[in-house]
Amino acid sequence: MSSLEIDWKILVGQIVNFAILFFALKFFVYGPFTKLVKERRDKIEEGINKSLMADENLKKIDELKEKSIKESEEEKKKAFIKTEEEIKRRKEEAEKKAEEERLLLLAKSKKEAEDIKEKEREKTRKEVIDSAFSLTEKLIKENVDESKNKKIVNDFLNKIET
Amino acid sequence: MKIHIALTGEPVFTFLGIAFTNTFILSIICALIIFSFFAFAFRKREIVPGKMQNLFEWILDLIFSIFDGMTGNRKKTEEIFPLCATLFIFILLSNLIEIIPGLGVFSFLRSPSSDIHFTLGLAIFSMGFIHYSAIKHLGGISYLKKYIRLDSPIMFFVGILEGMGEITRTLSLGIRLFGNLFAGEILLMIVTFMIPFLVPLPFLGLEIFVGFIQALVFSSLIAVFYVVTTAEEH
(Lines give C-alpha, C1' and ligand atoms only; values in the text may rest on other atoms or scores of the structure.)
Protein backbone atom coordinates (compact mmCIF):
# COMPACT_ATOMS: atom_id res chain seq x y z
CA MET A 1 0.00 0.00 0.00
CA SER A 2 2.93 2.30 0.55
CA SER A 3 3.65 2.28 -3.19
CA LEU A 4 0.10 3.63 -3.69
CA GLU A 5 0.96 6.52 -1.31
CA ILE A 6 -1.97 5.72 0.94
CA ASP A 7 -2.34 7.82 4.06
CA TRP A 8 -4.51 5.85 6.50
CA LYS A 9 -5.74 8.99 8.19
CA ILE A 10 -7.04 10.44 4.94
CA LEU A 11 -8.52 7.06 4.04
CA VAL A 12 -10.38 6.95 7.36
CA GLY A 13 -11.36 10.57 6.81
CA GLN A 14 -12.82 9.72 3.41
CA ILE A 15 -14.71 6.75 4.88
CA VAL A 16 -16.08 8.93 7.68
CA ASN A 17 -17.03 11.64 5.16
CA PHE A 18 -18.94 9.17 3.04
CA ALA A 19 -20.47 7.48 6.09
CA ILE A 20 -21.79 10.83 7.34
CA LEU A 21 -23.26 11.61 3.91
CA PHE A 22 -24.75 8.13 3.64
CA PHE A 23 -26.40 8.14 7.06
CA ALA A 24 -27.53 11.75 6.70
CA LEU A 25 -29.15 11.00 3.36
CA LYS A 26 -30.58 7.73 4.66
CA PHE A 27 -32.09 9.48 7.66
CA PHE A 28 -33.21 12.76 6.08
CA VAL A 29 -33.85 11.84 2.46
CA TYR A 30 -34.24 8.14 1.61
CA GLY A 31 -36.29 7.24 4.68
CA PRO A 32 -38.84 10.04 4.20
CA PHE A 33 -38.72 9.50 0.42
CA THR A 34 -39.53 5.79 0.74
CA LYS A 35 -42.24 6.59 3.29
CA LEU A 36 -43.65 9.30 1.05
CA VAL A 37 -43.65 7.07 -2.01
CA LYS A 38 -45.34 4.31 -0.01
CA GLU A 39 -47.88 6.78 1.34
CA ARG A 40 -48.53 8.10 -2.15
CA ARG A 41 -48.84 4.60 -3.55
CA ASP A 42 -51.30 3.74 -0.77
CA LYS A 43 -53.25 6.90 -1.50
CA ILE A 44 -53.29 6.18 -5.22
CA GLU A 45 -54.40 2.62 -4.54
CA GLU A 46 -57.05 3.93 -2.17
CA GLY A 47 -58.12 6.45 -4.81
CA ILE A 48 -58.30 3.77 -7.47
CA ASN A 49 -60.27 1.50 -5.16
CA LYS A 50 -62.61 4.35 -4.29
CA SER A 51 -62.99 5.19 -7.95
CA LEU A 52 -63.76 1.55 -8.75
CA MET A 53 -66.27 1.48 -5.89
CA ALA A 54 -67.78 4.72 -7.11
CA ASP A 55 -68.04 3.27 -10.61
CA GLU A 56 -69.71 0.19 -9.19
CA ASN A 57 -72.08 2.31 -7.13
CA LEU A 58 -72.81 4.48 -10.12
CA LYS A 59 -73.57 1.37 -12.13
CA LYS A 60 -75.88 0.17 -9.36
CA ILE A 61 -77.52 3.57 -9.20
CA ASP A 62 -77.97 3.54 -12.96
CA GLU A 63 -79.50 0.10 -12.76
CA LEU A 64 -81.80 1.24 -9.96
CA LYS A 65 -82.67 4.34 -11.92
CA GLU A 66 -83.43 2.30 -14.99
CA LYS A 67 -85.46 -0.12 -12.94
CA SER A 68 -87.30 2.69 -11.23
CA ILE A 69 -87.96 4.41 -14.57
CA LYS A 70 -89.23 1.14 -15.96
CA GLU A 71 -91.42 0.58 -12.92
CA SER A 72 -92.70 4.11 -13.04
CA GLU A 73 -93.41 3.73 -16.76
CA GLU A 74 -95.33 0.57 -16.05
CA GLU A 75 -97.19 2.22 -13.18
CA LYS A 76 -97.94 5.19 -15.36
CA LYS A 77 -99.20 2.90 -18.06
CA LYS A 78 -101.30 1.00 -15.54
CA ALA A 79 -102.63 4.21 -14.04
CA PHE A 80 -103.41 5.49 -17.51
CA ILE A 81 -105.26 2.33 -18.41
CA LYS A 82 -107.06 2.43 -15.06
CA THR A 83 -107.97 6.07 -15.59
CA GLU A 84 -109.16 5.36 -19.08
CA GLU A 85 -111.26 2.51 -17.79
CA GLU A 86 -112.61 4.70 -15.00
CA ILE A 87 -113.44 7.46 -17.45
CA LYS A 88 -115.15 4.96 -19.71
CA ARG A 89 -117.04 3.49 -16.80
CA ARG A 90 -118.09 6.89 -15.53
CA LYS A 91 -119.07 7.98 -19.01
CA GLU A 92 -121.17 4.87 -19.42
CA GLU A 93 -122.68 5.42 -16.01
CA ALA A 94 -123.42 9.05 -16.81
CA GLU A 95 -124.91 8.08 -20.14
CA LYS A 96 -127.01 5.42 -18.51
CA LYS A 97 -128.14 7.81 -15.83
CA ALA A 98 -128.91 10.49 -18.39
CA GLU A 99 -130.87 7.97 -20.45
CA GLU A 100 -132.75 6.89 -17.36
CA GLU A 101 -133.45 10.49 -16.41
CA ARG A 102 -134.49 11.25 -19.96
CA LEU A 103 -136.84 8.30 -19.98
CA LEU A 104 -138.15 9.26 -16.58
CA LEU A 105 -138.65 12.83 -17.70
CA LEU A 106 -140.30 11.68 -20.89
CA ALA A 107 -142.64 9.41 -18.97
CA LYS A 108 -143.40 12.24 -16.57
CA SER A 109 -143.99 14.66 -19.41
CA LYS A 110 -146.18 12.12 -21.17
CA LYS A 111 -148.13 11.61 -18.03
CA GLU A 112 -148.47 15.34 -17.48
CA ALA A 113 -149.57 15.79 -21.08
CA GLU A 114 -152.06 12.97 -20.66
CA ASP A 115 -153.32 14.60 -17.48
CA ILE A 116 -153.63 17.97 -19.18
CA LYS A 117 -155.35 16.35 -22.12
CA GLU A 118 -157.68 14.50 -19.82
CA LYS A 119 -158.40 17.66 -17.90
CA GLU A 120 -159.03 19.56 -21.13
CA ARG A 121 -161.26 16.78 -22.39
CA GLU A 122 -163.15 16.80 -19.14
CA LYS A 123 -163.42 20.54 -19.28
CA THR A 124 -164.59 20.45 -22.89
CA ARG A 125 -167.04 17.71 -22.12
CA LYS A 126 -168.35 19.73 -19.21
CA GLU A 127 -168.58 22.84 -21.37
CA VAL A 128 -170.35 20.89 -24.13
CA ILE A 129 -172.83 19.52 -21.62
CA ASP A 130 -173.30 22.94 -20.10
CA SER A 131 -173.79 24.48 -23.50
CA ALA A 132 -176.13 21.70 -24.53
CA PHE A 133 -178.14 22.36 -21.43
CA SER A 134 -178.18 26.12 -22.03
CA LEU A 135 -179.12 25.56 -25.69
CA THR A 136 -181.85 23.25 -24.75
CA GLU A 137 -183.04 25.77 -22.22
CA LYS A 138 -182.89 28.44 -24.83
CA LEU A 139 -184.80 26.33 -27.36
CA ILE A 140 -187.34 25.48 -24.86
CA LYS A 141 -187.74 29.06 -23.61
CA GLU A 142 -187.94 30.61 -27.02
CA ASN A 143 -190.35 29.32 -29.58
CA VAL A 144 -188.41 29.81 -32.55
CA ASP A 145 -188.89 29.04 -36.24
CA GLU A 146 -186.85 26.65 -38.21
CA SER A 147 -184.49 29.32 -39.54
CA LYS A 148 -183.95 30.87 -36.16
CA ASN A 149 -183.47 27.46 -34.69
CA LYS A 150 -180.86 26.74 -37.31
CA LYS A 151 -179.12 29.99 -36.47
CA ILE A 152 -179.02 29.24 -32.75
CA VAL A 153 -177.60 25.81 -33.45
CA ASN A 154 -174.96 27.28 -35.80
CA ASP A 155 -174.01 29.94 -33.23
CA PHE A 156 -173.68 27.27 -30.65
CA LEU A 157 -171.53 25.15 -32.96
CA ASN A 158 -169.33 28.20 -33.74
CA LYS A 159 -168.98 28.88 -30.08
CA ILE A 160 -167.87 25.30 -29.42
CA GLU A 161 -165.35 25.45 -32.25
CA THR A 162 -163.77 28.62 -30.85
CA MET B 1 5.60 24.55 -17.29
CA LYS B 2 6.02 21.27 -15.47
CA ILE B 3 3.11 18.84 -14.96
CA HIS B 4 2.93 17.38 -11.51
CA ILE B 5 1.22 13.98 -11.36
CA ALA B 6 0.51 12.33 -8.01
CA LEU B 7 -1.71 9.39 -7.03
CA THR B 8 -3.10 11.27 -4.06
CA GLY B 9 -4.19 14.86 -3.57
CA GLU B 10 -2.05 17.77 -2.57
CA PRO B 11 -2.18 18.64 1.14
CA VAL B 12 -3.72 22.05 1.66
CA PHE B 13 -3.66 22.22 5.46
CA THR B 14 -3.34 19.96 8.47
CA PHE B 15 -5.92 19.74 11.22
CA LEU B 16 -5.73 17.38 14.24
CA GLY B 17 -2.89 15.57 12.56
CA ILE B 18 -4.97 14.85 9.42
CA ALA B 19 -3.65 16.30 6.19
CA PHE B 20 -6.59 17.83 4.37
CA THR B 21 -5.77 17.34 0.70
CA ASN B 22 -7.44 19.19 -2.17
CA THR B 23 -9.37 16.05 -3.12
CA PHE B 24 -10.47 15.44 0.46
CA ILE B 25 -11.73 19.02 0.78
CA LEU B 26 -13.56 18.74 -2.54
CA SER B 27 -15.12 15.44 -1.51
CA ILE B 28 -16.41 17.12 1.67
CA ILE B 29 -17.76 19.98 -0.46
CA CYS B 30 -19.42 17.46 -2.81
CA ALA B 31 -21.03 15.70 0.17
CA LEU B 32 -22.27 19.03 1.47
CA ILE B 33 -23.66 20.01 -1.95
CA ILE B 34 -25.50 16.71 -2.32
CA PHE B 35 -26.95 16.82 1.17
CA SER B 36 -27.93 20.50 0.82
CA PHE B 37 -29.71 19.90 -2.49
CA PHE B 38 -31.62 16.88 -1.27
CA ALA B 39 -32.42 18.46 2.09
CA PHE B 40 -33.67 21.56 0.28
CA ALA B 41 -35.72 19.50 -2.17
CA PHE B 42 -37.31 17.44 0.59
CA ARG B 43 -37.66 20.24 3.15
CA LYS B 44 -41.42 20.20 2.64
CA ARG B 45 -42.45 16.65 2.03
CA GLU B 46 -45.80 16.72 0.34
CA ILE B 47 -47.94 14.00 -1.13
CA VAL B 48 -48.45 16.19 -4.18
CA PRO B 49 -44.86 17.29 -4.87
CA GLY B 50 -43.69 20.71 -5.94
CA LYS B 51 -41.35 21.24 -8.92
CA MET B 52 -38.13 20.75 -6.94
CA GLN B 53 -39.40 17.77 -4.98
CA ASN B 54 -40.73 16.26 -8.18
CA LEU B 55 -37.35 16.55 -9.89
CA PHE B 56 -35.48 14.92 -7.01
CA GLU B 57 -38.13 12.24 -6.63
CA TRP B 58 -37.79 11.53 -10.32
CA ILE B 59 -34.00 11.18 -9.94
CA LEU B 60 -34.35 8.82 -6.97
CA ASP B 61 -37.10 6.86 -8.67
CA LEU B 62 -34.95 6.45 -11.78
CA ILE B 63 -32.00 5.23 -9.71
CA PHE B 64 -34.32 2.89 -7.80
CA SER B 65 -35.64 1.41 -11.04
CA ILE B 66 -32.12 0.82 -12.35
CA PHE B 67 -31.06 -1.08 -9.22
CA ASP B 68 -34.34 -2.91 -8.97
CA GLY B 69 -33.71 -4.29 -12.43
CA MET B 70 -30.27 -5.46 -11.30
CA THR B 71 -31.23 -7.14 -8.04
CA GLY B 72 -34.49 -8.58 -9.36
CA ASN B 73 -35.80 -8.49 -5.81
CA ARG B 74 -37.85 -5.54 -4.54
CA LYS B 75 -37.04 -6.15 -0.87
CA LYS B 76 -33.30 -6.33 -1.50
CA THR B 77 -33.46 -3.23 -3.68
CA GLU B 78 -35.15 -1.35 -0.86
CA GLU B 79 -32.36 -2.44 1.50
CA ILE B 80 -29.42 -1.57 -0.77
CA PHE B 81 -31.00 1.43 -2.51
CA PRO B 82 -29.77 4.08 -0.01
CA LEU B 83 -26.16 2.93 -0.36
CA CYS B 84 -26.24 2.50 -4.13
CA ALA B 85 -28.02 5.82 -4.69
CA THR B 86 -25.58 7.68 -2.43
CA LEU B 87 -22.62 6.05 -4.17
CA PHE B 88 -23.98 6.79 -7.62
CA ILE B 89 -24.76 10.44 -6.90
CA PHE B 90 -21.57 11.03 -4.92
CA ILE B 91 -19.26 9.44 -7.50
CA LEU B 92 -21.10 11.12 -10.37
CA LEU B 93 -20.78 14.54 -8.78
CA SER B 94 -17.11 13.89 -7.91
CA ASN B 95 -16.46 12.91 -11.52
CA LEU B 96 -18.43 15.72 -13.07
CA ILE B 97 -16.91 18.39 -10.83
CA GLU B 98 -13.82 17.77 -12.95
CA ILE B 99 -15.34 19.68 -15.85
CA ILE B 100 -15.57 22.89 -13.82
CA PRO B 101 -12.99 25.22 -15.36
CA GLY B 102 -9.79 25.24 -13.34
CA LEU B 103 -10.15 21.79 -11.84
CA GLY B 104 -7.32 19.53 -12.86
CA VAL B 105 -5.36 22.51 -14.07
CA PHE B 106 -4.57 24.14 -10.76
CA SER B 107 -2.89 21.90 -8.27
CA PHE B 108 -5.11 23.01 -5.39
CA LEU B 109 -8.23 21.84 -7.28
CA ARG B 110 -8.58 18.23 -8.30
CA SER B 111 -11.48 15.89 -8.83
CA PRO B 112 -12.00 13.80 -5.65
CA SER B 113 -12.50 10.60 -7.58
CA SER B 114 -9.01 10.84 -9.05
CA ASP B 115 -7.64 10.24 -5.55
CA ILE B 116 -7.20 6.63 -4.44
CA HIS B 117 -8.21 7.51 -0.87
CA PHE B 118 -11.62 8.52 -2.11
CA THR B 119 -12.30 5.44 -4.26
CA LEU B 120 -10.80 3.01 -1.76
CA GLY B 121 -12.70 4.65 1.08
CA LEU B 122 -15.99 4.19 -0.78
CA ALA B 123 -15.16 0.58 -1.61
CA ILE B 124 -14.21 -0.26 2.01
CA PHE B 125 -17.31 1.37 3.45
CA SER B 126 -19.62 -0.24 0.87
CA MET B 127 -18.19 -3.73 1.28
CA GLY B 128 -18.25 -3.29 5.07
CA PHE B 129 -21.91 -2.34 4.86
CA ILE B 130 -22.64 -5.35 2.63
CA HIS B 131 -20.98 -7.75 5.07
CA TYR B 132 -22.74 -6.17 8.03
CA SER B 133 -26.06 -6.63 6.19
CA ALA B 134 -25.12 -10.21 5.34
CA ILE B 135 -24.45 -10.99 9.02
CA LYS B 136 -27.80 -9.36 9.92
CA HIS B 137 -29.62 -11.39 7.27
CA LEU B 138 -27.95 -14.75 7.54
CA GLY B 139 -26.83 -14.74 11.17
CA GLY B 140 -23.22 -14.89 12.35
CA ILE B 141 -22.80 -18.67 12.05
CA SER B 142 -24.28 -18.98 8.56
CA TYR B 143 -22.17 -16.03 7.46
CA LEU B 144 -18.96 -17.56 8.82
CA LYS B 145 -19.84 -20.91 7.21
CA LYS B 146 -19.46 -19.24 3.84
CA TYR B 147 -15.76 -18.69 4.53
CA ILE B 148 -14.87 -21.36 7.06
CA ARG B 149 -15.90 -24.73 5.65
CA LEU B 150 -14.93 -27.75 7.64
CA ASP B 151 -16.68 -30.46 5.60
CA SER B 152 -13.59 -31.29 3.52
CA PRO B 153 -10.03 -29.97 3.07
CA ILE B 154 -10.90 -28.82 -0.47
CA MET B 155 -13.93 -26.91 0.72
CA PHE B 156 -11.85 -25.42 3.54
CA PHE B 157 -9.45 -24.12 0.90
CA VAL B 158 -12.37 -22.86 -1.19
CA GLY B 159 -13.67 -21.00 1.88
CA ILE B 160 -10.30 -19.31 2.39
CA LEU B 161 -10.26 -18.34 -1.29
CA GLU B 162 -13.77 -16.90 -0.86
CA GLY B 163 -12.55 -14.82 2.07
CA MET B 164 -9.56 -13.57 0.14
CA GLY B 165 -11.89 -12.91 -2.77
CA GLU B 166 -13.83 -10.49 -0.63
CA ILE B 167 -10.65 -8.51 0.12
CA THR B 168 -9.53 -8.45 -3.50
CA ARG B 169 -13.06 -7.55 -4.57
CA THR B 170 -12.92 -4.50 -2.28
CA LEU B 171 -9.50 -3.48 -3.54
CA SER B 172 -10.40 -4.03 -7.18
CA LEU B 173 -13.55 -1.95 -6.77
CA GLY B 174 -11.58 0.98 -5.42
CA ILE B 175 -8.64 0.67 -7.78
CA ARG B 176 -10.86 0.22 -10.89
CA LEU B 177 -12.67 3.46 -10.20
CA PHE B 178 -9.47 5.24 -9.33
CA GLY B 179 -7.67 3.96 -12.45
CA ASN B 180 -10.40 5.07 -14.81
CA LEU B 181 -10.82 8.52 -13.37
CA PHE B 182 -7.17 9.16 -12.68
CA ALA B 183 -6.40 8.28 -16.31
CA GLY B 184 -9.09 10.69 -17.46
CA GLU B 185 -7.73 13.39 -15.20
CA ILE B 186 -4.22 12.94 -16.54
CA LEU B 187 -5.48 12.85 -20.11
CA LEU B 188 -7.33 16.12 -19.63
CA MET B 189 -4.37 17.66 -17.90
CA ILE B 190 -1.95 16.69 -20.70
CA VAL B 191 -4.31 17.70 -23.53
CA THR B 192 -5.06 21.03 -21.88
CA PHE B 193 -1.34 21.57 -21.34
CA MET B 194 -0.48 20.79 -24.97
CA ILE B 195 -3.35 22.45 -26.86
CA PRO B 196 -5.48 24.45 -24.49
CA PHE B 197 -7.96 25.76 -27.07
CA LEU B 198 -10.94 23.64 -28.38
CA VAL B 199 -9.03 20.34 -28.49
CA PRO B 200 -9.80 19.38 -24.86
CA LEU B 201 -13.55 19.69 -25.55
CA PRO B 202 -14.09 16.16 -26.97
CA PHE B 203 -12.01 14.78 -24.12
CA LEU B 204 -14.17 16.66 -21.64
CA GLY B 205 -17.26 15.10 -23.27
CA LEU B 206 -15.63 11.70 -23.04
CA GLU B 207 -14.81 12.33 -19.38
CA ILE B 208 -18.46 13.17 -18.65
CA PHE B 209 -19.49 9.91 -20.29
CA VAL B 210 -16.79 7.90 -18.48
CA GLY B 211 -17.70 9.59 -15.21
CA PHE B 212 -21.32 8.57 -15.60
CA ILE B 213 -20.47 5.02 -16.64
CA GLN B 214 -18.00 4.54 -13.80
CA ALA B 215 -20.48 5.82 -11.22
CA LEU B 216 -23.05 3.39 -12.59
CA VAL B 217 -20.56 0.49 -12.72
CA PHE B 218 -19.39 1.03 -9.15
CA SER B 219 -22.89 1.27 -7.66
CA SER B 220 -24.17 -1.61 -9.82
CA LEU B 221 -21.33 -3.84 -8.66
CA ILE B 222 -22.18 -2.97 -5.06
CA ALA B 223 -25.82 -3.95 -5.72
CA VAL B 224 -24.75 -7.24 -7.28
CA PHE B 225 -22.26 -8.00 -4.47
CA TYR B 226 -25.01 -7.29 -1.96
CA VAL B 227 -27.35 -9.76 -3.61
CA VAL B 228 -24.61 -12.41 -3.84
CA THR B 229 -23.31 -11.91 -0.30
CA THR B 230 -26.72 -11.88 1.38
CA ALA B 231 -27.96 -14.89 -0.60
CA GLU B 232 -28.46 -18.03 1.47
CA GLU B 233 -26.42 -21.04 0.44
CA HIS B 234 -28.30 -24.17 -0.60
# chains A, B, ... in the order shown; residues from 1 in each chain; ligands from 1
$ closest_atom_pairs --of "chain A" --to "chain B" --cutoff "12 Å" --atoms "only C-alpha atoms" --output "tab-separated table"
residue	atom	partner	partner_atom	distance
A:Met1	CA	B:Leu171	CA	10.7
A:Ser2	CA	B:Leu7	CA	11.4
A:Ser3	CA	B:Leu7	CA	9.7
A:Leu4	CA	B:Leu7	CA	6.9
A:Glu5	CA	B:Thr8	CA	6.8
A:Ile6	CA	B:His117	CA	6.7
A:Asp7	CA	B:His117	CA	7.7
A:Trp8	CA	B:His117	CA	8.4
A:Lys9	CA	B:Ile18	CA	6.0
A:Ile10	CA	B:His117	CA	6.6
A:Leu11	CA	B:His117	CA	4.9
A:Val12	CA	B:Gly121	CA	7.1
A:Gly13	CA	B:Phe24	CA	8.1
A:Gln14	CA	B:Gly121	CA	5.6
A:Ile15	CA	B:Gly121	CA	4.8
A:Val16	CA	B:Gly121	CA	8.6
A:Asn17	CA	B:Ile28	CA	6.5
A:Phe18	CA	B:Leu122	CA	6.9
A:Ala19	CA	B:Phe125	CA	7.4
A:Ile20	CA	B:Ala31	CA	8.7
A:Leu21	CA	B:Ala31	CA	6.0
A:Phe22	CA	B:Thr86	CA	6.1
A:Phe23	CA	B:Pro82	CA	8.8
A:Ala24	CA	B:Phe35	CA	7.5
A:Leu25	CA	B:Phe35	CA	6.6
A:Lys26	CA	B:Pro82	CA	6.0
A:Phe27	CA	B:Pro82	CA	9.7
A:Phe28	CA	B:Ala39	CA	7.0
A:Val29	CA	B:Phe38	CA	6.7
A:Tyr30	CA	B:Pro82	CA	6.3
A:Gly31	CA	B:Pro82	CA	8.6
A:Pro32	CA	B:Arg45	CA	7.8
A:Phe33	CA	B:Glu57	CA	7.6
A:Thr34	CA	B:Glu78	CA	8.5
A:Lys35	CA	B:Arg45	CA	10.1
A:Leu36	CA	B:Ile47	CA	6.7
A:Val37	CA	B:Ile47	CA	8.2
A:Lys38	CA	B:Ile47	CA	10.1
A:Glu39	CA	B:Ile47	CA	7.6
A:Arg40	CA	B:Ile47	CA	6.0
A:Arg41	CA	B:Ile47	CA	9.7
A:Asp42	CA	B:Ile47	CA	10.8
A:Lys43	CA	B:Ile47	CA	8.9
A:Ile44	CA	B:Ile47	CA	10.3
$ select_by_dssp --residues "region 62-224 of chain B" --states "helix (DSSP H, G or I)" --output "PyMOL selection string"
chain B and resi 62-71+74-99+112-114+116-138+140-145+153-194+200-224
$ atom_distance --atom1 "CA of Lys70 (chain A)" --atom2 "CA of Ile87 (chain A)"
25.1 Å
$ closest_residue --among "B:Asn180, B:Ser114, B:Ser219, B:Ser152" --to "Asn22 (chain B)" --atoms "only C-alpha atoms"
B:Ser114
